[in-house]
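Undergrad: Please read through the structure below; I'll follow up with questions.
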Amino acid sequence: MPASGIENLSQMLSVGWLTLPFMGLVALAIGSFLNVIVYRLPLMLERKTRREAQRVLHINVTTETKFDLVHPRSHCPSCNGIISPWHNIPLISWVMLRGKCVLCASPISVRYPLIESITCLLAIGTISIWGYSIAALLYFVFLASLLTLLVIDIETTLLPDQITLPLVWLGLIVSHQYVDASDFPHPMSSLVGAIVGYASLWAINQVFKLIRGQNGMGNGDFKLTAALGAWLGWQALPTVILVASILGLAYALFLISLGKLSVKQAIPFGPFLSIGGCVTLATSDFPTAFFSL
Ligand SMILES: [Zn+2]
């Protein structure tokens with residue numbers, strides 16, 4: 001945390017005594033929306049792929065009910081019962097209902113309150129570092145996207161282009177827009193970061209393929225690393241990849257020791273890249289000359 005972080009923290013606690021709880025509530029609501037994306041986006045992509053396959057194969061497309069981020073209304077995946085807004089309050093409802101559906105009493109995943117709480121912590125964390133500023137808002141968007149990708153990758157081993165690619169572009173635009181600000185990397189560092197981020201993981205995967213005869217990573221991992229390079233600058237990439245590799249290896253060895261993973265099985269790398277990006281951002285000394293190319 002930079003020296004100004006302490007100042008911002010005290011400013012946040014004194015001046016923002018009312019603003020902070022409000023921001024916390026907004027962050028909880030955003031966390032609730034991230035839960036919707038985590039659950040629905042992979043299903044939307046699956047439906048889209050199936051429709052395209054049916055069209056190519058000239059199979060009669062069955063009419064499906066509308067399914068997007070807002071339709072149908074929130075419902076319990078076990079009993080399909082509609083969840084009333086009263087039972088859909090972020091964090092509070094889960095605690096009040098003791099993690100069970102009010103209609104059928106089947107358990108509601110702890111993932112819901114967990115994502116909401118982490119989103120809230122990300123908001124407080126970014127405000128404590130950057131104060132109430134555009135930089136804090138932008139880094140919150142960056143970290144919330146990483147959190148969403150992390151959970152989707154754990155659950156489906158996918159890193160959707162719908163999140164990774166806009167994240168690459170946004171990182172490039174932000175560094176270009178705030179060219180004089182020390183909170184973001186230099187535009188050239190950001191551009192090189194995106195290219196080198198993609199290329200380095202692609203190259204590592206090519207070597208892996210030569211040795212093992214199979215892919216060790218997916219295209220999504222390359223795009224996510226490009227996004228991390230665009231947001232953090234190329235100088236941050238060695239740290240990001242090192243932290244991600246150490247964590248990934250430690251986790252894989254842990255699973256192997258428990259007998260839950262064979263040596264030949266793969267684990268998603270996206271979550272570790274996301275954590276690597278978050279750790280690198282949190283430990284980097286903003287604002288410093290670190291990002292000047
Ligand atoms: Zn239910």
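Scheme for the structure tokens: letters A, B, ... for chains in order shown; per-chain residue numbers from 1; ligand numbers from 1 in order shown.
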Leaving out range 262-278 of chain A and any residue of its chain fewer than 2 positions from it, which residues lie within 6 Å of it when counting only C-alpha atoms, given as a list in words?

TA: Leu146, Leu150, Thr157, Asp221, Val240, Val243, Ala244, Gly248, Thr280 and Leu281 of chain A

Undergrad: Only C-alpha atoms, please: the residues just picked out, written as a short mmCIF file (atom, residue, chain, number, x, y, z; two decimals), in the first residue's frame.

TA:
data_model
loop_
_atom_site.label_atom_id
_atom_site.label_comp_id
_atom_site.auth_asym_id
_atom_site.auth_seq_id
_atom_site.Cartn_x
_atom_site.Cartn_y
_atom_site.Cartn_z
CA LEU A 146 -11.07 -10.43 -12.20
CA LEU A 150 -12.03 -16.28 -11.28
CA THR A 157 -13.17 -23.77 -16.85
CA ASP A 221 -5.71 -17.51 -20.22
CA VAL A 240 1.92 -11.75 -12.07
CA VAL A 243 2.73 -15.52 -8.32
CA ALA A 244 0.12 -17.33 -10.46
CA GLY A 248 -1.23 -22.91 -9.15
CA THR A 280 0.71 -7.40 -7.96
CA LEU A 281 -1.60 -4.37 -7.95
#

Undergrad: Check which residues of range 132-178 of chain A sit at most 7 Å from range 32-40 of chain A using only C-alpha atoms, and return one row each with the closest pair of atoms and their distance in Å to one decimal, ordered by chain and rising number, as a Markdown table.

TA:
| residue | atom | partner | partner_atom | distance |
| --- | --- | --- | --- | --- |
| A:Thr148 | CA | A:Val38 | CA | 6.3 |
| A:Val151 | CA | A:Val38 | CA | 6.8 |
| A:Ile152 | CA | A:Val38 | CA | 5.5 |

Undergrad: Can you write out the residues you just picked, keeping C-alpha atoms, as a short mmCIF file (atom, residue, chain, number, x, y, z; two decimals), in the first residue's frame?

TA:
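Printed below is selection-v9.cif as written:
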data_model
loop_
_atom_site.label_atom_id
_atom_site.label_comp_id
_atom_site.auth_asym_id
_atom_site.auth_seq_id
_atom_site.Cartn_x
_atom_site.Cartn_y
_atom_site.Cartn_z
CA THR A 148 -16.04 -12.66 -11.91
CA VAL A 151 -15.36 -17.78 -10.20
CA ILE A 152 -16.56 -18.56 -13.76
#

Undergrad: Return as a PyMOL selection string the residues of protein, DNA or RNA that approach ligand 1 to within 10 Å, with only C-alpha atoms and all ligand atoms taken into account.

TA: chain A and resi 75-83+100-108

Undergrad: Once you have the residues from the selection above, write them out as a CSV table (one decimal), in the first residue's frame, restricted to N, CA and C atoms.

TA:
chain,number,residue,atom,x,y,z
A,75,HIS,N,-34.7,-17.1,-9.7
A,75,HIS,CA,-35.4,-18.3,-9.2
A,75,HIS,C,-34.5,-19.3,-8.6
A,76,CYS,N,-35.1,-20.2,-7.8
A,76,CYS,CA,-34.2,-21.2,-7.1
A,76,CYS,C,-33.9,-22.3,-8.1
A,77,PRO,N,-32.6,-22.7,-8.3
A,77,PRO,CA,-32.3,-23.7,-9.3
A,77,PRO,C,-32.9,-25.1,-8.9
A,78,SER,N,-33.2,-25.3,-7.7
A,78,SER,CA,-33.7,-26.6,-7.3
A,78,SER,C,-35.2,-26.7,-7.5
A,79,CYS,N,-36.0,-25.8,-7.1
A,79,CYS,CA,-37.5,-25.9,-7.2
A,79,CYS,C,-38.1,-25.0,-8.2
A,80,ASN,N,-37.2,-24.1,-8.8
A,80,ASN,CA,-37.7,-23.2,-9.9
A,80,ASN,C,-38.6,-22.1,-9.3
A,81,GLY,N,-38.8,-22.0,-8.0
A,81,GLY,CA,-39.7,-21.0,-7.5
A,81,GLY,C,-39.1,-19.6,-7.6
A,82,ILE,N,-39.9,-18.7,-7.9
A,82,ILE,CA,-39.5,-17.3,-8.0
A,82,ILE,C,-39.0,-16.7,-6.6
A,83,ILE,N,-37.9,-16.1,-6.6
A,83,ILE,CA,-37.4,-15.6,-5.3
A,83,ILE,C,-37.9,-14.1,-5.2
A,100,LYS,N,-30.6,-21.3,3.1
A,100,LYS,CA,-31.6,-22.3,2.5
A,100,LYS,C,-32.7,-21.6,1.8
A,101,CYS,N,-33.2,-22.2,0.7
A,101,CYS,CA,-34.3,-21.7,-0.1
A,101,CYS,C,-35.5,-21.6,0.8
A,102,VAL,N,-36.2,-20.5,0.7
A,102,VAL,CA,-37.4,-20.3,1.6
A,102,VAL,C,-38.5,-21.2,1.1
A,103,LEU,N,-38.5,-21.6,-0.1
A,103,LEU,CA,-39.6,-22.5,-0.7
A,103,LEU,C,-39.4,-24.0,-0.5
A,104,CYS,N,-38.2,-24.4,-0.8
A,104,CYS,CA,-37.9,-25.9,-0.8
A,104,CYS,C,-36.8,-26.3,0.2
A,105,ALA,N,-36.2,-25.3,0.9
A,105,ALA,CA,-35.2,-25.6,1.9
A,105,ALA,C,-33.9,-26.2,1.4
A,106,SER,N,-33.8,-26.3,0.1
A,106,SER,CA,-32.5,-26.8,-0.4
A,106,SER,C,-31.4,-25.7,-0.2
A,107,PRO,N,-30.2,-26.2,0.0
A,107,PRO,CA,-29.1,-25.2,0.3
A,107,PRO,C,-28.8,-24.3,-0.8
A,108,ILE,N,-28.5,-23.0,-0.5
A,108,ILE,CA,-28.1,-22.0,-1.4
A,108,ILE,C,-26.6,-21.9,-1.3

Undergrad: Give me, as a list in words, all polymer residues having an atom no more than 10 Å from range 173-177 of chain A, counting only C-alpha atoms and skipping those fewer than 2 positions away in the same chain.

TA: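 The neighbour list is Ala135, Leu138, Leu167, Val168, Trp169, Leu170, Gly171, Val179, Asp180, Ala181, Ser182, Asp183, Phe184, Pro185, His186, Pro187, Met188, Ser189, Ser190, Leu191, Ala230, Trp231, Leu232 and Gly233 of chain A.
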
Undergrad: Filtering to N, CA and C atoms, could you give me those residues as a compact mmCIF listing (two decimals), in the first residue's frame?

TA:
# COMPACT_ATOMS: atom_id res chain seq x y z
N ALA A 135 -9.77 6.93 -10.35
CA ALA A 135 -8.81 5.81 -10.33
C ALA A 135 -9.36 4.67 -9.49
N LEU A 138 -12.13 2.94 -11.44
CA LEU A 138 -11.62 2.12 -12.54
C LEU A 138 -10.96 0.85 -12.02
N LEU A 167 -11.96 -6.03 -21.11
CA LEU A 167 -11.00 -5.68 -20.06
C LEU A 167 -9.65 -5.26 -20.67
N VAL A 168 -9.26 -5.94 -21.76
CA VAL A 168 -8.02 -5.57 -22.47
C VAL A 168 -8.18 -4.14 -23.00
N TRP A 169 -9.30 -3.90 -23.72
CA TRP A 169 -9.52 -2.58 -24.33
C TRP A 169 -9.60 -1.48 -23.29
N LEU A 170 -10.32 -1.76 -22.20
CA LEU A 170 -10.48 -0.74 -21.16
C LEU A 170 -9.12 -0.38 -20.54
N GLY A 171 -8.27 -1.39 -20.32
CA GLY A 171 -6.93 -1.14 -19.78
C GLY A 171 -6.13 -0.24 -20.70
N VAL A 179 -2.77 9.68 -19.27
CA VAL A 179 -1.36 9.59 -19.64
C VAL A 179 -0.46 10.31 -18.63
N ASP A 180 -0.98 11.38 -17.99
CA ASP A 180 -0.16 12.12 -17.03
C ASP A 180 -0.34 11.64 -15.60
N ALA A 181 -1.31 10.76 -15.40
CA ALA A 181 -1.58 10.30 -14.03
C ALA A 181 -0.61 9.19 -13.65
N SER A 182 -0.15 9.25 -12.39
CA SER A 182 0.81 8.23 -11.96
C SER A 182 0.11 6.96 -11.45
N ASP A 183 -1.23 6.98 -11.46
CA ASP A 183 -1.97 5.81 -10.97
C ASP A 183 -2.07 4.70 -12.00
N PHE A 184 -1.80 5.04 -13.26
CA PHE A 184 -1.93 4.05 -14.33
C PHE A 184 -0.63 3.94 -15.11
N PRO A 185 -0.41 2.78 -15.76
CA PRO A 185 0.84 2.64 -16.52
C PRO A 185 0.89 3.60 -17.71
N HIS A 186 2.09 3.85 -18.17
CA HIS A 186 2.30 4.65 -19.38
C HIS A 186 1.61 3.92 -20.55
N PRO A 187 1.01 4.68 -21.50
CA PRO A 187 0.30 4.02 -22.60
C PRO A 187 1.15 2.98 -23.34
N MET A 188 2.43 3.28 -23.52
CA MET A 188 3.29 2.34 -24.24
C MET A 188 3.53 1.08 -23.40
N SER A 189 3.69 1.29 -22.08
CA SER A 189 3.88 0.15 -21.17
C SER A 189 2.63 -0.74 -21.17
N SER A 190 1.46 -0.09 -21.26
CA SER A 190 0.19 -0.81 -21.29
C SER A 190 0.05 -1.62 -22.59
N LEU A 191 0.37 -0.97 -23.70
CA LEU A 191 0.26 -1.64 -25.01
C LEU A 191 1.22 -2.82 -25.09
N ALA A 230 -2.23 -4.98 -19.92
CA ALA A 230 -2.76 -3.66 -20.30
C ALA A 230 -3.03 -2.80 -19.06
N TRP A 231 -3.51 -3.42 -18.00
CA TRP A 231 -3.86 -2.66 -16.78
C TRP A 231 -2.66 -2.36 -15.90
N LEU A 232 -1.67 -3.29 -15.87
CA LEU A 232 -0.57 -3.14 -14.91
C LEU A 232 0.75 -2.77 -15.57
N GLY A 233 0.81 -2.83 -16.91
CA GLY A 233 2.05 -2.52 -17.62
C GLY A 233 2.92 -3.77 -17.75

Undergrad: Measuring between only C-alpha atoms, which one of A:Val207, A:Asp153, A:Arg50, A:Leu247 shows the shortest distance to Thr62 in chain A?

TA: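 Result for the nearest residue to Thr62 in chain A: A:Arg50.
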
Undergrad: What is the distance, in Å and to one decimal place, between CA of Leu69 in chain A and CA of Leu45 in chain A?

TA: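 Atom-to-atom, CA of Leu69 in chain A to CA of Leu45 in chain A, that is 11.6 Å.
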
Undergrad: DSSP on the backbone: what in range 95-222 of chain A comes out alpha helix (DSSP H), as a short mmCIF file (atom, residue, chain, number, x, y, z; two decimals) with N, CA and C atoms, in the first residue's frame?

TA:
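Okay, this is what ended up in part08.cif:
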data_model
loop_
_atom_site.label_atom_id
_atom_site.label_comp_id
_atom_site.auth_asym_id
_atom_site.auth_seq_id
_atom_site.Cartn_x
_atom_site.Cartn_y
_atom_site.Cartn_z
N VAL A 95 -28.07 -14.80 5.12
CA VAL A 95 -27.85 -15.01 6.56
C VAL A 95 -29.20 -15.29 7.26
N MET A 96 -30.23 -14.47 6.91
CA MET A 96 -31.55 -14.63 7.54
C MET A 96 -32.16 -16.00 7.22
N ARG A 111 -21.32 -19.41 -2.22
CA ARG A 111 -20.71 -18.55 -3.23
C ARG A 111 -21.40 -17.18 -3.28
N TYR A 112 -22.74 -17.16 -3.11
CA TYR A 112 -23.48 -15.90 -3.23
C TYR A 112 -23.04 -14.86 -2.20
N PRO A 113 -23.14 -15.16 -0.89
CA PRO A 113 -22.69 -14.15 0.08
C PRO A 113 -21.19 -13.88 -0.01
N LEU A 114 -20.42 -14.92 -0.43
CA LEU A 114 -18.96 -14.77 -0.50
C LEU A 114 -18.58 -13.74 -1.57
N ILE A 115 -19.18 -13.86 -2.78
CA ILE A 115 -18.87 -12.91 -3.86
C ILE A 115 -19.32 -11.50 -3.46
N GLU A 116 -20.51 -11.41 -2.80
CA GLU A 116 -21.01 -10.09 -2.38
C GLU A 116 -20.06 -9.45 -1.37
N SER A 117 -19.58 -10.27 -0.40
CA SER A 117 -18.68 -9.73 0.63
C SER A 117 -17.34 -9.31 0.01
N ILE A 118 -16.80 -10.17 -0.88
CA ILE A 118 -15.50 -9.84 -1.49
C ILE A 118 -15.62 -8.56 -2.32
N THR A 119 -16.74 -8.41 -3.07
CA THR A 119 -16.95 -7.19 -3.87
C THR A 119 -16.95 -5.97 -2.96
N CYS A 120 -17.59 -6.10 -1.80
CA CYS A 120 -17.65 -5.01 -0.83
C CYS A 120 -16.23 -4.68 -0.34
N LEU A 121 -15.43 -5.71 -0.05
CA LEU A 121 -14.05 -5.50 0.41
C LEU A 121 -13.20 -4.85 -0.69
N LEU A 122 -13.46 -5.25 -1.95
CA LEU A 122 -12.70 -4.65 -3.07
C LEU A 122 -12.99 -3.16 -3.16
N ALA A 123 -14.27 -2.79 -2.95
CA ALA A 123 -14.64 -1.36 -3.00
C ALA A 123 -13.93 -0.60 -1.89
N ILE A 124 -13.96 -1.15 -0.66
CA ILE A 124 -13.31 -0.48 0.47
C ILE A 124 -11.80 -0.41 0.24
N GLY A 125 -11.23 -1.50 -0.30
CA GLY A 125 -9.79 -1.55 -0.58
C GLY A 125 -9.36 -0.50 -1.59
N THR A 126 -10.11 -0.39 -2.71
CA THR A 126 -9.72 0.58 -3.74
C THR A 126 -9.90 2.02 -3.22
N ILE A 127 -10.96 2.26 -2.42
CA ILE A 127 -11.17 3.61 -1.87
C ILE A 127 -10.05 3.93 -0.88
N SER A 128 -9.61 2.91 -0.09
CA SER A 128 -8.56 3.18 0.89
C SER A 128 -7.24 3.51 0.22
N ILE A 129 -7.02 3.00 -0.99
CA ILE A 129 -5.76 3.29 -1.69
C ILE A 129 -5.86 4.58 -2.52
N TRP A 130 -6.95 4.71 -3.27
CA TRP A 130 -7.04 5.84 -4.21
C TRP A 130 -8.03 6.93 -3.79
N ILE A 134 -11.69 8.75 -9.61
CA ILE A 134 -11.93 7.96 -10.83
C ILE A 134 -11.02 6.74 -10.85
N ALA A 135 -9.77 6.93 -10.35
CA ALA A 135 -8.81 5.81 -10.33
C ALA A 135 -9.36 4.67 -9.49
N ALA A 136 -9.95 5.01 -8.31
CA ALA A 136 -10.53 3.98 -7.45
C ALA A 136 -11.66 3.24 -8.16
N LEU A 137 -12.51 4.01 -8.85
CA LEU A 137 -13.64 3.41 -9.57
C LEU A 137 -13.15 2.46 -10.67
N LEU A 138 -12.13 2.94 -11.44
CA LEU A 138 -11.62 2.12 -12.54
C LEU A 138 -10.96 0.85 -12.02
N TYR A 139 -10.17 0.98 -10.94
CA TYR A 139 -9.53 -0.22 -10.40
C TYR A 139 -10.56 -1.16 -9.76
N PHE A 140 -11.66 -0.60 -9.27
CA PHE A 140 -12.73 -1.45 -8.74
C PHE A 140 -13.34 -2.28 -9.89
N VAL A 141 -13.56 -1.62 -11.04
CA VAL A 141 -14.10 -2.33 -12.21
C VAL A 141 -13.13 -3.45 -12.62
N PHE A 142 -11.84 -3.12 -12.62
CA PHE A 142 -10.80 -4.09 -12.99
C PHE A 142 -10.84 -5.31 -12.04
N LEU A 143 -10.84 -5.04 -10.73
CA LEU A 143 -10.79 -6.13 -9.74
C LEU A 143 -12.10 -6.93 -9.71
N ALA A 144 -13.24 -6.24 -9.87
CA ALA A 144 -14.53 -6.95 -9.89
C ALA A 144 -14.60 -7.87 -11.11
N SER A 145 -14.01 -7.43 -12.25
CA SER A 145 -13.98 -8.29 -13.44
C SER A 145 -13.11 -9.51 -13.19
N LEU A 146 -11.96 -9.30 -12.52
CA LEU A 146 -11.07 -10.43 -12.20
C LEU A 146 -11.79 -11.44 -11.30
N LEU A 147 -12.55 -10.91 -10.32
CA LEU A 147 -13.29 -11.79 -9.41
C LEU A 147 -14.31 -12.63 -10.19
N THR A 148 -15.04 -11.97 -11.10
CA THR A 148 -16.04 -12.66 -11.91
C THR A 148 -15.40 -13.77 -12.75
N LEU A 149 -14.27 -13.42 -13.40
CA LEU A 149 -13.57 -14.40 -14.23
C LEU A 149 -13.07 -15.57 -13.38
N LEU A 150 -12.55 -15.25 -12.20
CA LEU A 150 -12.03 -16.28 -11.28
C LEU A 150 -13.11 -17.32 -10.98
N VAL A 151 -14.30 -16.85 -10.60
CA VAL A 151 -15.36 -17.78 -10.20
C VAL A 151 -15.89 -18.55 -11.41
N ILE A 152 -16.06 -17.86 -12.56
CA ILE A 152 -16.56 -18.56 -13.76
C ILE A 152 -15.57 -19.65 -14.16
N ASP A 153 -14.26 -19.35 -14.09
CA ASP A 153 -13.24 -20.33 -14.49
C ASP A 153 -13.26 -21.54 -13.54
N ILE A 154 -13.43 -21.29 -12.24
CA ILE A 154 -13.48 -22.40 -11.27
C ILE A 154 -14.69 -23.30 -11.59
N GLU A 155 -15.83 -22.66 -11.89
CA GLU A 155 -17.06 -23.43 -12.05
C GLU A 155 -17.19 -24.09 -13.42
N THR A 156 -16.64 -23.43 -14.47
CA THR A 156 -16.89 -23.95 -15.83
C THR A 156 -15.62 -24.15 -16.66
N ASP A 161 -14.87 -14.45 -23.52
CA ASP A 161 -14.38 -13.29 -24.28
C ASP A 161 -15.16 -12.03 -23.91
N GLN A 162 -16.44 -12.22 -23.55
CA GLN A 162 -17.32 -11.08 -23.22
C GLN A 162 -16.77 -10.27 -22.05
N ILE A 163 -15.90 -10.89 -21.24
CA ILE A 163 -15.29 -10.15 -20.13
C ILE A 163 -13.81 -9.86 -20.41
N THR A 164 -13.07 -10.87 -20.89
CA THR A 164 -11.62 -10.66 -21.07
C THR A 164 -11.30 -9.59 -22.11
N LEU A 165 -11.98 -9.62 -23.26
CA LEU A 165 -11.63 -8.67 -24.33
C LEU A 165 -11.96 -7.21 -23.97
N PRO A 166 -13.18 -6.92 -23.45
CA PRO A 166 -13.42 -5.53 -23.02
C PRO A 166 -12.42 -5.08 -21.96
N LEU A 167 -11.96 -6.03 -21.11
CA LEU A 167 -11.00 -5.68 -20.06
C LEU A 167 -9.65 -5.26 -20.67
N VAL A 168 -9.26 -5.94 -21.76
CA VAL A 168 -8.02 -5.57 -22.47
C VAL A 168 -8.18 -4.14 -23.00
N TRP A 169 -9.30 -3.90 -23.72
CA TRP A 169 -9.52 -2.58 -24.33
C TRP A 169 -9.60 -1.48 -23.29
N LEU A 170 -10.32 -1.76 -22.20
CA LEU A 170 -10.48 -0.74 -21.16
C LEU A 170 -9.12 -0.38 -20.54
N GLY A 171 -8.27 -1.39 -20.32
CA GLY A 171 -6.93 -1.14 -19.78
C GLY A 171 -6.13 -0.24 -20.70
N LEU A 172 -6.20 -0.51 -22.01
CA LEU A 172 -5.47 0.29 -22.99
C LEU A 172 -6.00 1.72 -23.03
N ILE A 173 -7.33 1.85 -23.02
CA ILE A 173 -7.95 3.19 -23.09
C ILE A 173 -7.63 4.00 -21.84
N VAL A 174 -7.75 3.35 -20.67
CA VAL A 174 -7.51 4.05 -19.40
C VAL A 174 -6.08 4.59 -19.35
N SER A 175 -5.10 3.76 -19.71
CA SER A 175 -3.70 4.22 -19.65
C SER A 175 -3.48 5.36 -20.64
N HIS A 176 -4.18 5.30 -21.77
CA HIS A 176 -4.05 6.35 -22.78
C HIS A 176 -4.71 7.64 -22.32
N GLN A 177 -5.87 7.48 -21.66
CA GLN A 177 -6.66 8.63 -21.22
C GLN A 177 -5.99 9.36 -20.06
N PRO A 187 1.01 4.68 -21.50
CA PRO A 187 0.30 4.02 -22.60
C PRO A 187 1.15 2.98 -23.34
N MET A 188 2.43 3.28 -23.52
CA MET A 188 3.29 2.34 -24.24
C MET A 188 3.53 1.08 -23.40
N SER A 189 3.69 1.29 -22.08
CA SER A 189 3.88 0.15 -21.17
C SER A 189 2.63 -0.74 -21.17
N SER A 190 1.46 -0.09 -21.26
CA SER A 190 0.19 -0.81 -21.29
C SER A 190 0.05 -1.62 -22.59
N LEU A 191 0.37 -0.97 -23.70
CA LEU A 191 0.26 -1.64 -25.01
C LEU A 191 1.22 -2.82 -25.09
N VAL A 192 2.48 -2.58 -24.69
CA VAL A 192 3.48 -3.66 -24.70
C VAL A 192 3.03 -4.77 -23.74
N GLY A 193 2.45 -4.35 -22.60
CA GLY A 193 1.96 -5.33 -21.61
C GLY A 193 0.90 -6.25 -22.20
N ALA A 194 -0.04 -5.67 -22.96
CA ALA A 194 -1.10 -6.48 -23.57
C ALA A 194 -0.52 -7.48 -24.56
N ILE A 195 0.41 -7.00 -25.40
CA ILE A 195 0.99 -7.88 -26.43
C ILE A 195 1.87 -8.96 -25.79
N VAL A 196 2.76 -8.52 -24.89
CA VAL A 196 3.69 -9.47 -24.25
C VAL A 196 2.91 -10.44 -23.35
N GLY A 197 1.86 -9.93 -22.69
CA GLY A 197 1.04 -10.78 -21.82
C GLY A 197 0.44 -11.93 -22.62
N TYR A 198 -0.14 -11.61 -23.77
CA TYR A 198 -0.74 -12.65 -24.61
C TYR A 198 0.33 -13.60 -25.12
N ALA A 199 1.40 -12.99 -25.69
CA ALA A 199 2.44 -13.78 -26.36
C ALA A 199 3.20 -14.68 -25.39
N SER A 200 3.47 -14.19 -24.17
CA SER A 200 4.29 -14.99 -23.26
C SER A 200 3.55 -16.26 -22.83
N LEU A 201 2.25 -16.13 -22.53
CA LEU A 201 1.53 -17.34 -22.14
C LEU A 201 1.31 -18.29 -23.32
N TRP A 202 1.11 -17.67 -24.50
CA TRP A 202 0.98 -18.50 -25.71
C TRP A 202 2.27 -19.31 -25.91
N ALA A 203 3.43 -18.65 -25.73
CA ALA A 203 4.73 -19.31 -25.92
C ALA A 203 4.93 -20.42 -24.88
N ILE A 204 4.57 -20.11 -23.61
CA ILE A 204 4.71 -21.13 -22.55
C ILE A 204 3.86 -22.35 -22.91
N ASN A 205 2.65 -22.09 -23.43
CA ASN A 205 1.76 -23.18 -23.80
C ASN A 205 2.31 -24.00 -24.97
N GLN A 206 2.98 -23.32 -25.93
CA GLN A 206 3.58 -24.04 -27.06
C GLN A 206 4.66 -25.00 -26.57
N VAL A 207 5.49 -24.54 -25.62
CA VAL A 207 6.54 -25.39 -25.04
C VAL A 207 5.90 -26.57 -24.32
N PHE A 208 4.83 -26.27 -23.56
CA PHE A 208 4.11 -27.31 -22.81
C PHE A 208 3.56 -28.37 -23.77
N LYS A 209 3.03 -27.88 -24.91
CA LYS A 209 2.44 -28.78 -25.91
C LYS A 209 3.50 -29.70 -26.52
N LEU A 210 4.70 -29.13 -26.76
CA LEU A 210 5.80 -29.92 -27.32
C LEU A 210 6.20 -31.04 -26.36
N ILE A 211 6.23 -30.71 -25.07
CA ILE A 211 6.69 -31.69 -24.08
C ILE A 211 5.60 -32.71 -23.77
N ARG A 212 4.38 -32.20 -23.52
CA ARG A 212 3.30 -33.08 -23.03
C ARG A 212 2.31 -33.52 -24.12
N ASN A 219 -7.11 -20.41 -24.64
CA ASN A 219 -7.02 -19.06 -25.22
C ASN A 219 -7.44 -17.99 -24.22
N GLY A 220 -8.39 -18.34 -23.35
CA GLY A 220 -8.87 -17.39 -22.34
C GLY A 220 -7.75 -16.94 -21.42
N ASP A 221 -6.83 -17.86 -21.10
CA ASP A 221 -5.71 -17.51 -20.22
C ASP A 221 -4.79 -16.49 -20.90
N PHE A 222 -4.60 -16.63 -22.23
CA PHE A 222 -3.76 -15.67 -22.96
C PHE A 222 -4.40 -14.28 -22.93
#

Undergrad: When you draw a straight line from CA of Thr49 in chain A to CA of Gly218 in chain A, how long is it in Å?

TA: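 Between CA of Thr49 in chain A and CA of Gly218 in chain A the gap is 17.8 Å.
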
Undergrad: Using Å and a single decimal, report how far CA of Glu64 in chain A sits from CA of Leu41 in chain A.

TA: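 These two atoms are separated by 16.2 Å.
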